[in-house]
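This is final.tsv. It holds TSV, N, CA and C atoms.
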```tsv
chain	number	residue	atom	x	y	z
A	1	MET	N	12.60	1.63	7.70
A	1	MET	CA	11.42	0.82	7.55
A	1	MET	C	11.39	0.28	6.12
A	2	VAL	N	11.19	-1.03	5.98
A	2	VAL	CA	11.15	-1.65	4.66
A	2	VAL	C	9.95	-2.60	4.59
A	3	TYR	N	9.13	-2.39	3.57
A	3	TYR	CA	8.03	-3.30	3.26
A	3	TYR	C	8.53	-4.26	2.20
A	4	LYS	N	8.20	-5.53	2.36
A	4	LYS	CA	8.61	-6.54	1.38
A	4	LYS	C	7.42	-7.43	1.07
A	5	GLY	N	7.37	-7.87	-0.17
A	5	GLY	CA	6.36	-8.83	-0.59
A	5	GLY	C	7.06	-10.02	-1.23
A	6	TYR	N	6.55	-11.20	-0.95
A	6	TYR	CA	7.08	-12.41	-1.56
A	6	TYR	C	5.98	-13.47	-1.59
A	7	ARG	N	6.21	-14.49	-2.37
A	7	ARG	CA	5.25	-15.59	-2.49
A	7	ARG	C	5.79	-16.79	-1.73
A	8	PHE	N	4.89	-17.40	-0.95
A	8	PHE	CA	5.27	-18.54	-0.12
A	8	PHE	C	4.10	-19.51	-0.06
A	9	GLY	N	4.30	-20.71	-0.57
A	9	GLY	CA	3.25	-21.72	-0.53
A	9	GLY	C	1.97	-21.31	-1.24
A	10	GLY	N	2.12	-20.60	-2.36
A	10	GLY	CA	0.95	-20.17	-3.11
A	10	GLY	C	0.26	-18.94	-2.57
A	11	ARG	N	0.78	-18.36	-1.50
A	11	ARG	CA	0.19	-17.16	-0.89
A	11	ARG	C	1.14	-15.99	-1.04
A	12	CYS	N	0.57	-14.80	-1.04
A	12	CYS	CA	1.37	-13.58	-1.06
A	12	CYS	C	1.51	-13.07	0.37
A	13	VAL	N	2.72	-12.77	0.74
A	13	VAL	CA	3.01	-12.30	2.09
A	13	VAL	C	3.61	-10.90	1.98
A	14	VAL	N	3.13	-9.98	2.82
A	14	VAL	CA	3.68	-8.63	2.88
A	14	VAL	C	4.12	-8.38	4.32
A	15	THR	N	5.36	-7.91	4.45
A	15	THR	CA	5.93	-7.66	5.78
A	15	THR	C	6.44	-6.22	5.88
A	16	ARG	N	6.56	-5.75	7.11
A	16	ARG	CA	7.28	-4.52	7.40
A	16	ARG	C	8.36	-4.89	8.40
A	17	ASP	N	9.58	-4.65	8.03
A	17	ASP	CA	10.72	-4.99	8.89
A	17	ASP	C	10.61	-6.43	9.40
A	18	SER	N	10.30	-7.33	8.48
A	18	SER	CA	10.23	-8.78	8.70
A	18	SER	C	9.02	-9.25	9.49
A	19	LYS	N	8.07	-8.38	9.82
A	19	LYS	CA	6.85	-8.79	10.51
A	19	LYS	C	5.67	-8.64	9.55
A	20	LYS	N	4.86	-9.68	9.46
A	20	LYS	CA	3.71	-9.69	8.57
A	20	LYS	C	2.75	-8.55	8.95
A	21	ILE	N	2.26	-7.82	7.93
A	21	ILE	CA	1.32	-6.75	8.22
A	21	ILE	C	-0.12	-7.24	8.04
A	22	ASN	N	-1.03	-6.57	8.71
A	22	ASN	CA	-2.45	-6.88	8.66
A	22	ASN	C	-3.01	-6.44	7.31
A	23	SER	N	-3.81	-7.26	6.67
A	23	SER	CA	-4.37	-6.91	5.36
A	23	SER	C	-5.48	-5.86	5.45
A	24	ARG	N	-5.96	-5.58	6.63
A	24	ARG	CA	-6.94	-4.52	6.93
A	24	ARG	C	-8.27	-4.72	6.20
A	25	LEU	N	-8.75	-5.93	6.20
A	25	LEU	CA	-10.07	-6.22	5.65
A	25	LEU	C	-11.15	-5.46	6.41
A	26	ASP	N	-10.85	-5.05	7.64
A	26	ASP	CA	-11.81	-4.28	8.44
A	26	ASP	C	-12.07	-2.89	7.85
A	27	LEU	N	-11.11	-2.35	7.11
A	27	LEU	CA	-11.27	-1.03	6.51
A	27	LEU	C	-12.01	-1.09	5.18
A	28	PHE	N	-11.64	-2.08	4.37
A	28	PHE	CA	-12.27	-2.27	3.07
A	28	PHE	C	-11.94	-3.68	2.61
A	29	ASN	N	-12.95	-4.47	2.31
A	29	ASN	CA	-12.74	-5.86	1.95
A	29	ASN	C	-12.68	-6.01	0.43
A	30	HIS	N	-11.53	-5.68	-0.13
A	30	HIS	CA	-11.32	-5.84	-1.57
A	30	HIS	C	-11.08	-7.30	-1.92
A	31	SER	N	-10.30	-7.99	-1.08
A	31	SER	CA	-9.81	-9.31	-1.45
A	31	SER	C	-9.71	-10.22	-0.22
A	32	PRO	N	-10.81	-10.89	0.14
A	32	PRO	CA	-10.74	-11.78	1.29
A	32	PRO	C	-9.80	-12.97	1.09
A	33	THR	N	-9.39	-13.22	-0.15
A	33	THR	CA	-8.45	-14.31	-0.41
A	33	THR	C	-7.00	-13.89	-0.23
A	34	GLY	N	-6.76	-12.61	0.00
A	34	GLY	CA	-5.40	-12.18	0.30
A	34	GLY	C	-4.88	-11.06	-0.57
A	35	MET	N	-3.69	-10.64	-0.21
A	35	MET	CA	-3.03	-9.55	-0.91
A	35	MET	C	-2.36	-10.06	-2.18
A	36	GLU	N	-2.12	-9.14	-3.11
A	36	GLU	CA	-1.47	-9.42	-4.39
A	36	GLU	C	-0.76	-8.15	-4.85
A	37	TRP	N	-0.08	-8.24	-5.98
A	37	TRP	CA	0.59	-7.08	-6.57
A	37	TRP	C	0.93	-7.39	-8.01
A	38	GLY	N	1.36	-6.37	-8.73
A	38	GLY	CA	1.82	-6.56	-10.10
A	38	GLY	C	0.75	-6.39	-11.16
A	39	TYR	N	-0.44	-5.98	-10.78
A	39	TYR	CA	-1.53	-5.68	-11.71
A	39	TYR	C	-2.52	-4.77	-10.98
A	40	GLY	N	-3.62	-4.43	-11.59
A	40	GLY	CA	-4.52	-3.44	-11.01
A	40	GLY	C	-5.80	-3.97	-10.42
A	41	GLY	N	-5.80	-5.16	-9.85
A	41	GLY	CA	-7.04	-5.76	-9.36
A	41	GLY	C	-7.32	-5.57	-7.88
A	42	SER	N	-8.19	-6.43	-7.35
A	42	SER	CA	-8.64	-6.32	-5.97
A	42	SER	C	-7.55	-6.71	-4.96
A	43	GLY	N	-6.77	-7.73	-5.26
A	43	GLY	CA	-5.67	-8.11	-4.37
A	43	GLY	C	-4.65	-7.00	-4.20
A	44	PRO	N	-4.21	-6.35	-5.30
A	44	PRO	CA	-3.32	-5.21	-5.17
A	44	PRO	C	-3.95	-4.03	-4.42
A	45	ALA	N	-5.26	-3.84	-4.55
A	45	ALA	CA	-5.93	-2.78	-3.78
A	45	ALA	C	-5.82	-3.08	-2.29
A	46	GLN	N	-5.98	-4.36	-1.92
A	46	GLN	CA	-5.86	-4.73	-0.50
A	46	GLN	C	-4.44	-4.50	-0.01
A	47	THR	N	-3.45	-4.81	-0.85
A	47	THR	CA	-2.05	-4.58	-0.47
A	47	THR	C	-1.78	-3.09	-0.29
A	48	ALA	N	-2.25	-2.27	-1.21
A	48	ALA	CA	-2.06	-0.82	-1.11
A	48	ALA	C	-2.68	-0.28	0.17
A	49	LEU	N	-3.89	-0.72	0.48
A	49	LEU	CA	-4.58	-0.28	1.69
A	49	LEU	C	-3.81	-0.70	2.94
A	50	ALA	N	-3.36	-1.95	2.96
A	50	ALA	CA	-2.63	-2.46	4.12
A	50	ALA	C	-1.34	-1.69	4.36
A	51	ILE	N	-0.60	-1.43	3.30
A	51	ILE	CA	0.67	-0.70	3.44
A	51	ILE	C	0.41	0.73	3.90
A	52	LEU	N	-0.53	1.41	3.28
A	52	LEU	CA	-0.80	2.80	3.67
A	52	LEU	C	-1.33	2.91	5.09
A	53	ALA	N	-2.21	2.01	5.49
A	53	ALA	CA	-2.72	2.04	6.86
A	53	ALA	C	-1.59	1.83	7.86
A	54	ASP	N	-0.70	0.91	7.55
A	54	ASP	CA	0.44	0.65	8.43
A	54	ASP	C	1.40	1.84	8.45
A	55	PHE	N	1.68	2.38	7.30
A	55	PHE	CA	2.64	3.48	7.17
A	55	PHE	C	2.12	4.78	7.80
A	56	LEU	N	0.86	5.11	7.53
A	56	LEU	CA	0.30	6.40	7.95
A	56	LEU	C	-0.23	6.42	9.38
A	57	HIS	N	-0.65	5.28	9.88
A	57	HIS	CA	-1.36	5.22	11.17
A	57	HIS	C	-2.59	6.13	11.12
A	58	ASP	N	-3.21	6.19	9.96
A	58	ASP	CA	-4.41	7.01	9.74
A	58	ASP	C	-5.31	6.24	8.78
A	59	ASP	N	-6.24	5.49	9.34
A	59	ASP	CA	-7.08	4.62	8.53
A	59	ASP	C	-7.91	5.38	7.50
A	60	GLN	N	-8.47	6.51	7.89
A	60	GLN	CA	-9.30	7.28	6.97
A	60	GLN	C	-8.48	7.76	5.77
A	61	LEU	N	-7.29	8.25	6.02
A	61	LEU	CA	-6.43	8.72	4.93
A	61	LEU	C	-6.00	7.55	4.04
A	62	ALA	N	-5.70	6.42	4.65
A	62	ALA	CA	-5.32	5.23	3.88
A	62	ALA	C	-6.44	4.80	2.94
A	63	VAL	N	-7.67	4.82	3.42
A	63	VAL	CA	-8.81	4.45	2.58
A	63	VAL	C	-8.96	5.44	1.42
A	64	MET	N	-8.79	6.72	1.69
A	64	MET	CA	-8.93	7.74	0.64
A	64	MET	C	-7.88	7.61	-0.46
A	65	LEU	N	-6.67	7.17	-0.10
A	65	LEU	CA	-5.55	7.22	-1.04
A	65	LEU	C	-5.14	5.87	-1.63
A	66	HIS	N	-5.66	4.78	-1.13
A	66	HIS	CA	-5.10	3.49	-1.51
A	66	HIS	C	-5.29	3.14	-2.99
A	67	GLN	N	-6.35	3.57	-3.63
A	67	GLN	CA	-6.50	3.25	-5.05
A	67	GLN	C	-5.45	3.98	-5.90
A	68	LYS	N	-5.20	5.22	-5.59
A	68	LYS	CA	-4.16	5.97	-6.30
A	68	LYS	C	-2.79	5.32	-6.07
A	69	PHE	N	-2.52	4.93	-4.82
A	69	PHE	CA	-1.26	4.28	-4.47
A	69	PHE	C	-1.15	2.94	-5.20
A	70	LYS	N	-2.25	2.21	-5.28
A	70	LYS	CA	-2.25	0.93	-5.99
A	70	LYS	C	-1.79	1.12	-7.43
A	71	TRP	N	-2.43	2.06	-8.13
A	71	TRP	CA	-2.13	2.22	-9.56
A	71	TRP	C	-0.71	2.73	-9.81
A	72	SER	N	-0.20	3.59	-8.94
A	72	SER	CA	1.12	4.15	-9.23
A	72	SER	C	2.27	3.39	-8.59
A	73	MET	N	2.00	2.55	-7.59
A	73	MET	CA	3.10	1.84	-6.92
A	73	MET	C	2.92	0.31	-6.94
A	74	ILE	N	1.81	-0.18	-6.50
A	74	ILE	CA	1.61	-1.61	-6.28
A	74	ILE	C	1.40	-2.38	-7.58
A	75	ALA	N	0.69	-1.78	-8.52
A	75	ALA	CA	0.37	-2.47	-9.78
A	75	ALA	C	1.61	-2.79	-10.61
A	76	SER	N	2.68	-2.07	-10.40
A	76	SER	CA	3.89	-2.28	-11.21
A	76	SER	C	4.99	-3.08	-10.49
A	77	LEU	N	4.70	-3.58	-9.31
A	77	LEU	CA	5.72	-4.35	-8.58
A	77	LEU	C	5.98	-5.69	-9.26
A	78	PRO	N	7.22	-6.20	-9.18
A	78	PRO	CA	7.54	-7.49	-9.79
A	78	PRO	C	6.76	-8.65	-9.15
A	79	HIS	N	6.49	-9.66	-9.93
A	79	HIS	CA	5.63	-10.78	-9.53
A	79	HIS	C	6.18	-11.56	-8.32
A	80	LYS	N	7.45	-11.91	-8.33
A	80	LYS	CA	7.97	-12.84	-7.31
A	80	LYS	C	8.26	-12.19	-5.97
A	81	ARG	N	9.02	-11.11	-5.98
A	81	ARG	CA	9.35	-10.44	-4.72
A	81	ARG	C	9.73	-9.00	-4.98
A	82	TRP	N	9.54	-8.17	-3.95
A	82	TRP	CA	9.81	-6.74	-4.07
A	82	TRP	C	10.05	-6.16	-2.69
A	83	SER	N	10.54	-4.93	-2.68
A	83	SER	CA	10.66	-4.18	-1.43
A	83	SER	C	10.40	-2.70	-1.71
A	84	LEU	N	9.82	-2.03	-0.73
A	84	LEU	CA	9.57	-0.58	-0.76
A	84	LEU	C	10.05	-0.01	0.56
A	85	THR	N	10.86	1.01	0.49
A	85	THR	CA	11.34	1.65	1.71
A	85	THR	C	10.41	2.79	2.10
A	86	ASP	N	10.52	3.21	3.35
A	86	ASP	CA	9.75	4.37	3.79
A	86	ASP	C	10.13	5.61	2.98
A	87	LYS	N	11.38	5.69	2.56
A	87	LYS	CA	11.82	6.81	1.73
A	87	LYS	C	11.08	6.82	0.38
A	88	GLN	N	10.91	5.66	-0.23
A	88	GLN	CA	10.18	5.56	-1.50
A	88	GLN	C	8.71	5.95	-1.31
A	89	ILE	N	8.11	5.53	-0.22
A	89	ILE	CA	6.71	5.86	0.04
A	89	ILE	C	6.56	7.35	0.30
A	90	ARG	N	7.45	7.93	1.09
A	90	ARG	CA	7.42	9.39	1.31
A	90	ARG	C	7.62	10.12	-0.01
A	91	GLY	N	8.48	9.60	-0.88
A	91	GLY	CA	8.69	10.19	-2.20
A	91	GLY	C	7.42	10.18	-3.03
A	92	TRP	N	6.64	9.11	-2.91
A	92	TRP	CA	5.36	9.04	-3.62
A	92	TRP	C	4.44	10.15	-3.13
A	93	PHE	N	4.39	10.35	-1.82
A	93	PHE	CA	3.55	11.41	-1.26
A	93	PHE	C	4.01	12.78	-1.74
A	94	THR	N	5.31	12.99	-1.80
A	94	THR	CA	5.85	14.27	-2.27
A	94	THR	C	5.50	14.49	-3.74
A	95	MET	N	5.67	13.45	-4.54
A	95	MET	CA	5.40	13.55	-5.97
A	95	MET	C	3.93	13.82	-6.27
A	96	HIS	N	3.05	13.34	-5.42
A	96	HIS	CA	1.60	13.46	-5.65
A	96	HIS	C	0.94	14.42	-4.66
A	97	ALA	N	1.71	15.31	-4.05
A	97	ALA	CA	1.19	16.17	-2.98
A	97	ALA	C	-0.03	16.98	-3.40
A	98	ALA	N	-0.01	17.56	-4.58
A	98	ALA	CA	-1.15	18.39	-5.02
A	98	ALA	C	-2.40	17.54	-5.20
A	99	GLU	N	-2.25	16.38	-5.82
A	99	GLU	CA	-3.40	15.49	-6.02
A	99	GLU	C	-3.93	14.96	-4.69
A	100	ILE	N	-3.03	14.65	-3.78
A	100	ILE	CA	-3.43	14.15	-2.46
A	100	ILE	C	-4.20	15.22	-1.70
A	101	ALA	N	-3.72	16.45	-1.76
A	101	ALA	CA	-4.42	17.55	-1.09
A	101	ALA	C	-5.82	17.73	-1.67
A	102	GLU	N	-5.94	17.58	-2.99
A	102	GLU	CA	-7.24	17.70	-3.64
A	102	GLU	C	-8.19	16.57	-3.22
A	103	ILE	N	-7.69	15.35	-3.17
A	103	ILE	CA	-8.49	14.18	-2.79
A	103	ILE	C	-8.94	14.28	-1.33
A	104	THR	N	-8.02	14.65	-0.48
A	104	THR	CA	-8.27	14.59	0.97
A	104	THR	C	-8.78	15.90	1.56
A	105	GLY	N	-8.52	17.00	0.87
A	105	GLY	CA	-8.88	18.30	1.43
A	105	GLY	C	-7.93	18.71	2.55
A	106	ARG	N	-6.81	18.02	2.69
A	106	ARG	CA	-5.85	18.36	3.73
A	106	ARG	C	-4.43	18.42	3.13
A	107	LYS	N	-3.65	19.26	3.75
A	107	LYS	CA	-2.22	19.31	3.41
A	107	LYS	C	-1.48	18.64	4.56
A	108	ARG	N	-0.57	17.76	4.20
A	108	ARG	CA	0.19	17.05	5.23
A	108	ARG	C	1.56	16.73	4.66
A	109	GLN	N	2.56	16.90	5.47
A	109	GLN	CA	3.92	16.54	5.09
A	109	GLN	C	4.21	15.12	5.51
A	110	PHE	N	4.91	14.37	4.69
A	110	PHE	CA	5.23	12.99	4.99
A	110	PHE	C	6.75	12.79	5.01
A	111	ALA	N	7.44	13.69	5.64
A	111	ALA	CA	8.91	13.63	5.69
A	111	ALA	C	9.39	12.70	6.78
```

Show me this structure written as structure tokens.
Amino acid sequence: MVYKGYRFGGRCVVTRDSKKINSRLDLFNHSPTGMEWGYGGSGPAQTALAILADFLHDDQLAVMLHQKFKWSMIASLPHKRWSLTDKQIRGWFTMHAAEIAEITGRKRQFA
């Protein structure tokens, strides 16, 4: 599984395995104008939420963790294009397991 972001016609597009992912404005409306990355604002928060919701298939957990994921993964992505593999995302969960357990009150493996 590979998530990719790129710019096309002035818009930011995020895909998983070449299919556009839902920005999930239904969960939290950070950025009705669309997803973004490479800094710590509302567009990157929407991107973090969209990726986590898609990856986890757990909307509640995605909402709880997306700000942390934004700051440690999405805010530092390159401006033009990027990719994140499922292995990199699982690595993020492993690296932050103690903090995630504290935030969520649950222990979960993401292998």

- Would you list the contacts of segment 9-12 of chain A as a list of chain:residue names, taking every protein, DNA or RNA residue within 8 Å and counting all atoms listed in the file, but skipping same-chain residues closer than 3 positions in sequence?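 Listed by chain and then number, they are A:Gly5, A:Tyr6, A:Thr15, A:Thr33, A:Gly34, A:Met35, A:Glu36, A:Trp37.
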
Residues near segment 95-106 of chain A, cut-off 8 Å, all atoms listed in the file, skip fewer than 6 positions along chain, as a PDB file with N, CA and C atoms, in the coordinates of the input:
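Saved as part-v5.pdb:
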```pdb
ATOM      1  N   LEU A  61      -7.290   8.250   6.020  1.00  0.00           N
ATOM      2  CA  LEU A  61      -6.430   8.720   4.930  1.00  0.00           C
ATOM      3  C   LEU A  61      -6.000   7.550   4.040  1.00  0.00           C
ATOM      4  N   MET A  64      -8.790   6.720   1.690  1.00  0.00           N
ATOM      5  CA  MET A  64      -8.930   7.740   0.640  1.00  0.00           C
ATOM      6  C   MET A  64      -7.880   7.610  -0.460  1.00  0.00           C
ATOM      7  N   LEU A  65      -6.670   7.170  -0.100  1.00  0.00           N
ATOM      8  CA  LEU A  65      -5.550   7.220  -1.040  1.00  0.00           C
ATOM      9  C   LEU A  65      -5.140   5.870  -1.630  1.00  0.00           C
ATOM     10  N   ILE A  89       8.110   5.530  -0.220  1.00  0.00           N
ATOM     11  CA  ILE A  89       6.710   5.860   0.040  1.00  0.00           C
ATOM     12  C   ILE A  89       6.560   7.350   0.300  1.00  0.00           C
TER      13      ILE A  89
END
```

- Task: May I ask for the distance between atom CA of Lys19 of chain A and atom CA of Ala75 of chain A, given in Å to one decimal place?
- Result: 22.2 Å

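The smallest atom-to-atom distance between Ile21 of chain A and any of A:Ile74, A:Ala50, A:Ala45, A:Ala62, using all atoms listed in the file, is found for A:Ala50.
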
- Spatial neighbours of Ser23 of chain A, max dist 12 Å, only C-alpha atoms, sep filter under 3 positions, as a list in words: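 My list of contacting residues is Cys12, Val13, Val14, Thr15, Lys20, Asp26, Leu27, Phe28, Asn29, His30, Ser31, Pro32, Thr33, Gly34, Met35, Glu36, Gly43, Pro44, Ala45, Gln46, Thr47, Ala48, Leu49, Ala50, Ile51, Leu52, Ala53 and Asp54 of chain A.
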
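Going from atom CA of Tyr39 of chain A to atom N of Ser76 of chain A covers 5.7 Å.
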